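*Asks:* TSV, C-alpha atoms, file start26.tsv:
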```tsv
chain	number	residue	atom	x	y	z
A	232	MET	CA	63.36	74.10	83.05
A	233	ALA	CA	59.75	75.01	82.39
A	234	GLU	CA	58.69	75.65	78.79
A	235	ILE	CA	57.29	79.13	78.22
A	236	ASP	CA	53.92	79.53	76.59
A	237	PRO	CA	54.04	82.76	74.56
A	238	GLY	CA	50.56	83.78	75.64
A	239	TYR	CA	49.35	86.33	78.16
A	240	LEU	CA	50.22	89.30	75.99
A	241	THR	CA	47.52	91.81	75.23
A	242	THR	CA	47.49	94.46	72.57
A	243	GLN	CA	45.50	97.38	71.20
A	244	HIS	CA	44.80	98.42	67.60
A	245	GLY	CA	47.67	100.58	66.39
A	246	LEU	CA	49.80	99.75	69.44
A	247	ALA	CA	53.02	101.78	69.59
A	248	VAL	CA	53.41	102.04	65.83
A	249	SER	CA	55.46	105.22	66.01
A	250	VAL	CA	57.43	103.96	68.99
A	251	ALA	CA	58.25	100.69	67.26
A	252	ALA	CA	59.53	102.57	64.23
A	253	LEU	CA	61.70	104.70	66.49
A	254	LEU	CA	62.97	102.02	68.83
A	255	LEU	CA	63.90	98.85	67.05
A	256	THR	CA	65.33	97.79	63.74
A	257	SER	CA	64.13	94.23	64.21
A	258	CYS	CA	60.59	93.12	63.41
A	259	MET	CA	58.35	93.33	66.46
A	260	HIS	CA	55.96	90.56	67.37
A	261	TYR	CA	52.90	90.95	69.56
A	262	ALA	CA	51.16	87.78	70.60
A	263	GLU	CA	47.41	87.72	70.49
A	264	PRO	CA	45.54	87.28	73.78
A	265	ILE	CA	44.82	83.67	74.68
A	266	GLU	CA	42.56	82.05	77.19
A	267	PRO	CA	44.22	82.68	80.59
A	268	ILE	CA	44.77	79.98	83.18
A	269	ASN	CA	42.19	80.16	85.92
A	270	GLY	CA	43.13	80.41	89.55
A	271	PRO	CA	42.40	77.85	92.29
A	272	ASN	CA	39.00	76.15	92.03
A	273	GLY	CA	38.33	77.80	88.68
A	274	SER	CA	38.45	81.36	90.04
A	275	PRO	CA	39.30	84.20	87.61
A	276	PRO	CA	43.05	84.70	87.10
A	277	THR	CA	44.69	87.50	89.08
A	278	THR	CA	46.09	90.52	87.27
A	279	CYS	CA	49.80	91.25	87.58
A	280	PHE	CA	49.02	94.68	89.02
A	281	ASP	CA	46.91	93.11	91.77
A	282	ARG	CA	49.71	90.73	92.70
A	283	LEU	CA	52.34	93.48	92.75
A	284	ASP	CA	50.10	95.66	94.92
A	285	ARG	CA	50.05	93.23	97.82
A	286	LEU	CA	52.09	93.68	101.00
A	287	SER	CA	55.60	92.38	101.63
A	288	GLY	CA	58.19	92.25	104.37
A	289	GLU	CA	61.96	92.16	104.58
A	290	PHE	CA	64.79	91.35	106.92
A	291	SER	CA	68.57	91.58	106.94
A	292	LEU	CA	70.96	88.69	107.40
A	293	THR	CA	74.74	88.42	107.21
A	294	VAL	CA	76.28	85.20	105.97
A	295	VAL	CA	79.90	84.13	105.75
A	296	ALA	CA	81.47	83.37	102.38
A	297	GLU	CA	84.94	82.11	101.51
A	298	GLU	CA	87.83	83.05	103.79
A	299	GLY	CA	85.44	84.44	106.39
A	300	ARG	CA	84.19	87.26	104.15
A	301	GLU	CA	80.89	88.65	105.40
A	302	VAL	CA	78.06	89.13	102.89
A	303	PRO	CA	75.12	91.28	104.03
A	304	LEU	CA	71.82	90.14	102.54
A	305	THR	CA	68.46	91.84	102.29
A	306	ILE	CA	65.66	89.30	101.95
A	307	PHE	CA	62.23	90.39	100.73
A	308	LEU	CA	59.22	88.20	101.53
A	309	PRO	CA	55.53	87.90	100.64
A	310	GLN	CA	53.27	88.95	103.48
A	311	GLU	CA	51.85	85.46	104.00
A	312	PRO	CA	54.25	82.74	105.22
A	313	GLY	CA	54.55	79.79	102.88
A	314	THR	CA	56.66	78.17	100.18
A	315	TYR	CA	57.61	80.40	97.24
A	316	PRO	CA	59.86	80.58	94.16
A	317	LEU	CA	63.24	82.31	94.51
A	318	ILE	CA	64.70	85.41	92.89
A	319	GLY	CA	68.42	86.08	93.36
A	320	PHE	CA	69.17	89.76	92.66
A	321	SER	CA	72.46	91.56	91.94
A	322	HIS	CA	72.43	95.35	92.32
A	323	GLY	CA	74.13	97.89	90.07
A	324	ALA	CA	77.65	99.23	90.57
A	325	PHE	CA	78.13	101.08	93.88
A	326	ALA	CA	74.43	100.70	94.80
A	327	SER	CA	72.87	98.38	97.40
A	328	PRO	CA	69.82	96.11	97.73
A	329	THR	CA	67.76	98.60	99.71
A	330	ARG	CA	68.07	101.14	96.88
A	331	TYR	CA	65.97	98.69	94.86
A	332	ARG	CA	63.17	98.38	97.39
A	333	ALA	CA	60.67	99.89	94.92
A	334	MET	CA	61.44	96.98	92.59
A	335	LEU	CA	62.09	94.06	94.93
A	336	ALA	CA	59.35	94.62	97.52
A	337	PRO	CA	56.52	94.41	94.92
A	338	LEU	CA	58.04	91.29	93.35
A	339	ALA	CA	58.14	89.71	96.79
A	340	ALA	CA	54.57	90.83	97.45
A	341	ALA	CA	53.61	89.10	94.19
A	342	GLY	CA	54.75	85.75	95.54
A	343	TYR	CA	58.54	85.44	95.37
A	344	ILE	CA	61.29	85.24	97.97
A	345	VAL	CA	64.00	87.70	96.89
A	346	ILE	CA	67.56	87.32	98.16
A	347	ALA	CA	69.73	90.34	97.37
A	348	PRO	CA	73.37	90.43	98.51
A	349	MET	CA	75.27	93.66	99.06
A	350	HIS	CA	78.42	93.48	96.95
A	351	ILE	CA	81.78	94.83	98.10
A	352	ASP	CA	81.67	97.75	95.64
A	353	SER	CA	78.53	99.15	97.29
A	354	GLU	CA	78.82	102.69	98.60
A	355	ASP	CA	76.86	101.42	101.62
A	356	PHE	CA	79.35	98.65	102.39
A	357	GLY	CA	81.61	100.90	104.44
A	358	ALA	CA	84.91	100.03	102.76
A	359	THR	CA	87.67	102.62	103.05
A	360	GLY	CA	88.70	102.32	99.39
A	361	ARG	CA	87.32	101.09	96.10
A	362	PRO	CA	88.04	97.37	95.59
A	363	MET	CA	89.99	96.16	92.57
A	364	ARG	CA	87.91	95.23	89.53
A	365	SER	CA	89.06	91.62	89.69
A	366	GLU	CA	88.03	91.30	93.34
A	367	THR	CA	84.67	92.95	92.71
A	368	TRP	CA	84.03	90.56	89.81
A	369	ARG	CA	85.09	87.49	91.80
A	370	THR	CA	83.06	88.27	94.90
A	371	ARG	CA	79.98	89.43	92.99
A	372	ASN	CA	79.77	86.06	91.28
A	373	LEU	CA	80.24	84.24	94.57
A	374	ASP	CA	77.56	86.40	96.20
A	375	MET	CA	75.11	85.64	93.39
A	376	ALA	CA	75.82	81.92	93.59
A	377	LYS	CA	74.92	82.04	97.28
A	378	ALA	CA	71.73	83.99	96.59
A	379	LEU	CA	70.63	81.42	93.99
A	380	ALA	CA	71.57	78.43	96.18
A	381	PRO	CA	70.81	79.58	99.74
A	382	ASP	CA	72.84	77.82	102.42
A	383	GLN	CA	71.50	76.29	105.60
A	384	LYS	CA	71.77	79.54	107.58
A	385	ILE	CA	69.58	81.38	105.08
A	386	ARG	CA	67.06	78.56	104.87
A	387	GLU	CA	66.88	78.30	108.65
A	388	ALA	CA	66.31	82.05	108.99
A	389	LEU	CA	63.45	81.74	106.51
A	390	ARG	CA	62.04	78.65	108.24
A	391	GLN	CA	61.92	80.45	111.59
A	392	GLN	CA	59.59	82.99	110.01
A	393	GLY	CA	57.45	80.36	108.29
A	394	TYR	CA	58.95	80.50	104.80
A	395	SER	CA	60.64	78.03	102.48
A	396	ILE	CA	61.84	78.03	98.86
A	397	VAL	CA	60.64	76.01	95.89
A	398	SER	CA	63.99	74.68	94.70
A	399	GLU	CA	62.70	73.95	91.19
A	400	GLN	CA	61.60	77.56	90.54
A	401	THR	CA	64.50	80.01	90.40
A	402	VAL	CA	65.03	83.37	88.71
A	403	SER	CA	68.35	85.20	88.33
A	404	ALA	CA	67.89	88.98	88.09
A	405	GLY	CA	69.97	92.13	88.24
A	406	HIS	CA	70.41	95.74	87.17
A	407	SER	CA	73.23	97.24	85.08
A	408	TYR	CA	76.52	95.61	86.18
A	409	GLY	CA	74.37	93.27	88.24
A	410	ALA	CA	72.43	92.27	85.11
A	411	VAL	CA	75.60	90.77	83.61
A	412	ILE	CA	76.23	88.94	86.88
A	413	ALA	CA	72.64	87.65	86.70
A	414	GLN	CA	73.02	86.47	83.10
A	415	LEU	CA	76.00	84.21	83.82
A	416	PRO	CA	74.03	81.63	85.86
A	417	GLY	CA	71.59	81.59	82.92
A	418	GLY	CA	74.31	80.44	80.55
A	419	ALA	CA	76.06	83.60	79.33
A	420	MET	CA	79.86	83.41	79.14
A	421	ALA	CA	81.97	86.37	80.26
A	422	ILE	CA	85.65	87.12	79.93
A	423	GLU	CA	87.25	86.89	83.35
A	424	PRO	CA	89.67	89.63	84.48
A	425	ASP	CA	92.60	87.29	83.73
A	426	GLY	CA	91.34	86.66	80.19
A	427	SER	CA	89.98	83.17	80.87
A	428	GLN	CA	86.39	81.99	80.72
A	429	ILE	CA	84.49	80.17	83.45
A	430	ASN	CA	81.19	78.43	82.87
A	431	ARG	CA	79.02	79.78	85.69
A	432	THR	CA	75.78	78.22	84.44
A	433	ASN	CA	73.44	77.20	87.24
A	434	PRO	CA	71.05	74.50	85.94
A	435	ALA	CA	68.52	75.45	88.62
A	436	VAL	CA	67.95	78.86	86.99
A	437	ASP	CA	64.69	78.85	85.01
A	438	ALA	CA	64.74	82.48	83.87
A	439	VAL	CA	66.90	85.60	83.74
A	440	VAL	CA	65.67	89.19	84.02
A	441	GLY	CA	68.23	91.87	83.17
A	442	TRP	CA	67.37	95.52	83.79
A	443	SER	CA	69.64	97.72	81.60
A	444	PRO	CA	72.46	95.24	81.07
A	445	PRO	CA	75.50	96.86	79.43
A	446	GLY	CA	76.32	96.15	75.82
A	447	GLU	CA	79.56	94.59	74.69
A	448	VAL	CA	82.36	95.54	77.10
A	449	PRO	CA	85.96	94.74	76.06
A	450	GLY	CA	87.50	92.42	78.62
A	451	MET	CA	84.11	91.51	80.12
A	452	ILE	CA	81.54	90.27	77.62
A	453	SER	CA	81.10	90.16	73.84
A	454	ALA	CA	78.34	89.17	71.44
A	455	ALA	CA	79.49	85.54	71.67
A	456	GLY	CA	79.00	85.67	75.42
A	457	TRP	CA	75.22	85.97	75.10
A	458	SER	CA	74.95	83.34	72.37
A	459	THR	CA	75.20	80.61	75.02
A	460	LEU	CA	72.32	81.85	77.18
A	461	SER	CA	70.25	78.76	77.92
A	462	ALA	CA	67.59	80.16	80.25
A	463	PRO	CA	64.75	82.30	78.85
A	464	THR	CA	65.98	85.89	79.23
A	465	LEU	CA	64.07	89.17	79.50
A	466	THR	CA	65.98	92.39	78.77
A	467	ILE	CA	64.54	95.71	79.99
A	468	THR	CA	65.74	99.13	78.82
A	469	GLY	CA	64.54	102.56	77.65
A	470	THR	CA	65.18	105.10	74.91
A	471	THR	CA	67.13	107.43	77.24
A	472	ASP	CA	69.07	104.63	78.97
A	473	ILE	CA	72.43	106.35	78.47
A	474	LEU	CA	75.54	106.54	80.66
A	475	PRO	CA	77.73	109.21	79.02
A	476	GLY	CA	81.23	107.99	78.26
A	477	PHE	CA	80.25	104.36	78.82
A	478	ILE	CA	76.99	103.78	76.98
A	479	ASP	CA	76.25	106.67	74.64
A	480	ASP	CA	73.52	104.89	72.66
A	481	TRP	CA	70.68	103.23	74.52
A	482	ARG	CA	70.53	100.49	71.88
A	483	ALA	CA	73.70	99.01	73.35
A	484	HIS	CA	71.54	97.66	76.18
A	485	LYS	CA	69.73	95.48	73.63
A	486	ALA	CA	72.87	93.39	73.01
A	487	SER	CA	71.87	90.60	75.38
A	488	TYR	CA	68.61	90.31	73.44
A	489	ASP	CA	70.10	90.73	69.98
A	490	TYR	CA	72.79	88.09	70.45
A	491	SER	CA	71.00	85.54	72.65
A	492	PRO	CA	69.59	82.39	71.00
A	493	GLU	CA	66.40	82.79	69.01
A	494	GLY	CA	63.37	81.28	70.68
A	495	ASN	CA	64.69	82.04	74.16
A	496	ARG	CA	64.45	85.80	74.60
A	497	ALA	CA	62.21	88.79	75.27
A	498	LEU	CA	62.72	92.56	75.20
A	499	TRP	CA	60.84	95.48	76.75
A	500	VAL	CA	61.66	99.10	75.84
A	501	GLY	CA	60.11	102.12	77.53
A	502	GLU	CA	59.97	105.43	75.66
A	503	GLY	CA	61.86	108.13	77.56
A	504	ILE	CA	63.04	105.70	80.25
A	505	ASP	CA	66.58	106.16	81.59
A	506	HIS	CA	68.99	103.91	83.48
A	507	TYR	CA	67.20	104.35	86.81
A	508	PHE	CA	63.61	104.78	85.60
A	509	GLY	CA	63.72	108.45	86.55
A	510	GLY	CA	65.01	107.66	90.04
A	511	MET	CA	62.77	104.75	91.00
A	512	PHE	CA	65.81	102.67	92.04
A	513	GLY	CA	69.60	102.63	92.18
A	514	ARG	CA	70.07	106.42	92.26
A	515	GLU	CA	66.85	107.25	94.01
A	516	ARG	CA	65.08	110.57	93.54
A	517	PRO	CA	61.46	111.69	92.97
A	518	ALA	CA	60.39	110.26	89.61
A	519	ASP	CA	57.87	111.89	87.30
A	520	GLU	CA	54.48	110.35	86.57
A	521	LYS	CA	55.53	108.74	83.30
A	522	SER	CA	58.59	107.07	84.84
A	523	GLN	CA	56.49	105.74	87.72
A	524	ARG	CA	53.84	104.42	85.35
A	525	LEU	CA	56.27	102.69	83.02
A	526	PHE	CA	58.23	101.32	85.96
A	527	LYS	CA	55.07	99.62	87.19
A	528	ARG	CA	54.52	98.32	83.67
A	529	ALA	CA	58.05	96.90	83.52
A	530	LEU	CA	57.42	95.15	86.83
A	531	GLU	CA	54.18	93.74	85.44
A	532	ILE	CA	56.00	92.44	82.34
A	533	SER	CA	58.73	90.93	84.54
A	534	LEU	CA	56.24	89.18	86.80
A	535	ASN	CA	54.27	87.68	83.93
A	536	PHE	CA	57.51	86.55	82.23
A	537	MET	CA	58.85	84.94	85.41
A	538	ASP	CA	55.57	83.22	86.23
A	539	ARG	CA	55.55	81.53	82.84
A	540	ALA	CA	59.26	80.73	82.76
A	541	ILE	CA	59.23	78.89	86.07
A	542	GLY	CA	56.00	77.05	85.25
A	543	ARG	CA	53.88	78.67	87.92
A	544	THR	CA	50.43	77.12	88.25
A	545	GLU	CA	48.66	80.48	88.30
A	546	VAL	CA	50.14	83.05	85.91
A	547	CYS	CA	49.20	86.67	86.42
A	548	VAL	CA	47.42	88.44	83.55
A	549	LEU	CA	48.88	91.53	81.86
A	550	SER	CA	46.88	94.68	81.35
A	551	LEU	CA	46.68	96.29	77.90
A	552	ALA	CA	49.90	97.67	76.49
A	553	THR	CA	50.39	101.40	75.95
A	554	VAL	CA	51.89	103.59	73.22
A	555	ASP	CA	54.88	104.31	75.48
A	556	GLU	CA	56.33	100.82	75.24
A	557	VAL	CA	57.44	98.09	72.88
A	558	TYR	CA	57.46	94.47	74.02
A	559	GLN	CA	58.83	91.65	71.90
A	560	GLU	CA	58.91	87.95	72.69
A	561	ASP	CA	60.82	85.37	70.72
A	562	LEU	CA	60.05	82.30	72.79
```
As structure tokens, what does this structure read like?
*Replies:*
Amino acid sequence: MAEIDPGYLTTQHGLAVSVAALLLTSCMHYAEPIEPINGPNGSPPTTCFDRLDRLSGEFSLTVVAEEGREVPLTIFLPQEPGTYPLIGFSHGAFASPTRYRAMLAPLAAAGYIVIAPMHIDSEDFGATGRPMRSETWRTRNLDMAKALAPDQKIREALRQQGYSIVSEQTVSAGHSYGAVIAQLPGGAMAIEPDGSQINRTNPAVDAVVGWSPPGEVPGMISAAGWSTLSAPTLTITGTTDILPGFIDDWRAHKASYDYSPEGNRALWVGEGIDHYFGGMFGRERPADEKSQRLFKRALEISLNFMDRAIGRTEVCVLSLATVDEVYQEDL
């Protein structure tokens, strides 16, 4: 696993003082700018925004899992064929990979191959009834394991289009329910539906990015479950990230940051940001200007974090932070 250098954070005088007081009870830390790593042949480093603004492609592929179960995949690719790091992505409950195109296509454009399975609870899966919780849990974890360790069929489909994966550079990512699924390969320990615990750690995972992971859920995950996270983990949430009747206080989403090991975690909070960034993904609808702007910022933070966590040779450079966000690294 690559060691993260806590650099590449920029700040402004008086950055988010009022927001910090509102958002977090813990002490916030902002790293000072450091000398960025130059690009190839000493060229200036590329900004994260520039990388995310490039073009990408995608294709669909169905693979066969245990007992002949079909798993539809959406695979997002950088525009230029080549060898790239891998992101395995687990979508939120009842959603689907294509509802996260606004998130996954830019990350692919920025130089990652993204493999996103469609889980059996997806509304787009075509099932006649809602699967049992235990079956959803079991198959989601199997789907994510396949996304993070692509089989020969996936690799051959990539090869035919001129792409391959850097096996030593892997990110596990997800949103909401999918964020918990993404955290398990990074070392988190959940409570299985039968009350047992299974160590699902994947040593190939160099980083975890969880968008709006739930807080403690009885019968699924507790504070102790995040204490075993071994991969550097970024948690993303917002001050209106509320799901009435399930998560009534947005601060619950901070649990995976609050309870993960010190020195191995990061947190980004957007002021006024809800569970779907105003409709940018998951439950898609036209998002307002602020949601769009902070969504792009969260992508920028994610890209910079991943680049450093996997030990990428050229790390993208963050733009200046704004008063609408709080970013904390404890790495």
*Asks:* Smallest atom-to-atom distance to Ala339 in chain A: which of A:Ile504, A:Leu530, A:Leu292, A:Ser443, using all atoms listed in the file?
*Replies:* A:Leu530
*Asks:* Using only C-alpha atoms, find the one residue out of A:Asp437, A:Asp374, A:Asp425, A:Asp284 that sits nearest to Asp538 in chain A.
*Replies:*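 Among the listed residues, A:Asp437 lies closest to Asp538 in chain A.
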*Asks:* At what distance in Å, to one decimal, does CA of Val436 in chain A lie from CA of Tyr343 in chain A?
*Replies:* 14.2 Å
*Asks:* Pick the closest to Ala486 in chain A from A:Gln414, A:Ser461, A:Gly446, A:Arg524: which is it, counting all atoms listed in the file?
*Replies:*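 When distances to Ala486 in chain A are compared using all atoms listed in the file, the smallest one comes from A:Gly446.
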*Asks:* In Å, with one decimal, what is the gap from CA of Glu399 in chain A to CA of Ala435 in chain A?
*Replies:* 6.5 Å
*Asks:* So, with all atoms listed in the file as the atoms that count, which of A:Ser407, A:Ser453, A:Ser327, A:Thr466 lies closest to Phe356 in chain A?
*Replies:* A:Ser327
*Asks:* With only C-alpha atoms as the basis for distance, which of A:Phe536, A:Arg390, A:Ile306, A:Gly509 is at the shortest distance from Ala378 in chain A?
*Replies:*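 Of the candidates, the smallest distance to Ala378 in chain A is held by A:Ile306.
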*Asks:* Name all residues at most 7 Å from Glu289 in chain A (count all atoms listed in the file; drop same-chain ones fewer than 3 positions away) and give them as a PyMOL selection string.
*Replies:* chain A and resi 305-308
*Asks:* How would the residues just picked look written out with C-alpha atoms as a compact mmCIF listing (two decimals), in the coordinates of the input?
*Replies:*
```
# COMPACT_ATOMS: atom_id res chain seq x y z
CA THR A 305 68.46 91.84 102.29
CA ILE A 306 65.66 89.30 101.95
CA PHE A 307 62.23 90.39 100.73
CA LEU A 308 59.22 88.20 101.53
```
*Asks:* Take the point (82.6, 92.9, 88.0) in the file's coordinates, draw a sphere of radius 12 Å around it, and report as a ChimeraX atom specification every protein, DNA or RNA residue with an atom inside or on it, counting only C-alpha atoms.
*Replies:* /A:321-325,350-353,362-375,407-413,415,421-424,445,448,450-452
*Asks:* Identify which of the residues A:Val294, A:Met511, A:Val548, A:Ala455 lies closest to Met334 in chain A, counting only C-alpha atoms when measuring atom-to-atom distances.
*Replies:*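 Nearest candidate to Met334 in chain A out of A:Val294, A:Met511, A:Val548, A:Ala455: A:Met511.
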*Asks:* Could you work out how far CA of Lys527 in chain A lies from CA of Ala552 in chain A, giving the answer in Å with one decimal?
*Replies:* 12.0 Å
*Asks:* I'd like the contact shell of Leu286 in chain A - 7 Å cut-off, all atoms listed in the file, skipping same-chain residues fewer than 6 positions apart - returned as JSON, numbers by chain.
*Replies:* {"A": [309, 310, 340]}
*Asks:* Go ahead and save the residues from that selection, with C-alpha atoms, as a PDB file, in the frame of the given file.
*Replies:*
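The file below, again-v2.pdb, is the result:
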```
ATOM      1  CA  PRO A 309      55.530  87.900 100.640  1.00  0.00           C
ATOM      2  CA  GLN A 310      53.270  88.950 103.480  1.00  0.00           C
ATOM      3  CA  ALA A 340      54.570  90.830  97.450  1.00  0.00           C
TER       4      ALA A 340
END
```
*Asks:* Which residues are near Lys384 in chain A? Cut-off 12 Å, only C-alpha atoms, ignore same chain within fewer than 2 positions. Put them as a PDB file with C-alpha atoms, in the coordinates of the input.
*Replies:*
```pdb
ATOM      1  CA  LEU A 292      70.960  88.690 107.400  1.00  0.00           C
ATOM      2  CA  THR A 293      74.740  88.420 107.210  1.00  0.00           C
ATOM      3  CA  VAL A 294      76.280  85.200 105.970  1.00  0.00           C
ATOM      4  CA  VAL A 295      79.900  84.130 105.750  1.00  0.00           C
ATOM      5  CA  ALA A 296      81.470  83.370 102.380  1.00  0.00           C
ATOM      6  CA  LEU A 304      71.820  90.140 102.540  1.00  0.00           C
ATOM      7  CA  LYS A 377      74.920  82.040  97.280  1.00  0.00           C
ATOM      8  CA  ALA A 378      71.730  83.990  96.590  1.00  0.00           C
ATOM      9  CA  ALA A 380      71.570  78.430  96.180  1.00  0.00           C
ATOM     10  CA  PRO A 381      70.810  79.580  99.740  1.00  0.00           C
ATOM     11  CA  ASP A 382      72.840  77.820 102.420  1.00  0.00           C
ATOM     12  CA  ARG A 386      67.060  78.560 104.870  1.00  0.00           C
ATOM     13  CA  GLU A 387      66.880  78.300 108.650  1.00  0.00           C
ATOM     14  CA  ALA A 388      66.310  82.050 108.990  1.00  0.00           C
ATOM     15  CA  LEU A 389      63.450  81.740 106.510  1.00  0.00           C
ATOM     16  CA  ARG A 390      62.040  78.650 108.240  1.00  0.00           C
ATOM     17  CA  GLN A 391      61.920  80.450 111.590  1.00  0.00           C
TER      18      GLN A 391
END
```
*Asks:* Env of Lys485 in chain A: 12 Å cut, atoms = all atoms listed in the file, seq-sep filter 6 positions within chain, self excluded. Answer as an MDAnalysis selection string.
*Replies:* chainID A and resid 254:257 441:447 454 457 464:470 472 478 491 496:500 559
*Asks:* So that I can check the surroundings of Leu335 in chain A, please list as a list in words every protein, DNA and RNA residue that reaches within 9 Å of it, counting all atoms listed in the file and ignoring chain neighbours fewer than 3 positions away.
*Replies:*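 Those residues are Phe307, Phe320, Pro328, Thr329, Tyr331, Arg332, Leu338, Ala339, Ala340, Val345 and Ala347 of chain A.
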*Asks:* Could you give me the centre and size, in Å to one decimal, of an axis-aligned box around all listed atoms of range 402-414 of chain A with 5 Å added on every side, as JSON?
*Replies:*
```
{"center_x": 70.8, "center_y": 90.3, "center_z": 85.9, "size_x": 21.5, "size_y": 23.9, "size_z": 15.6}
```
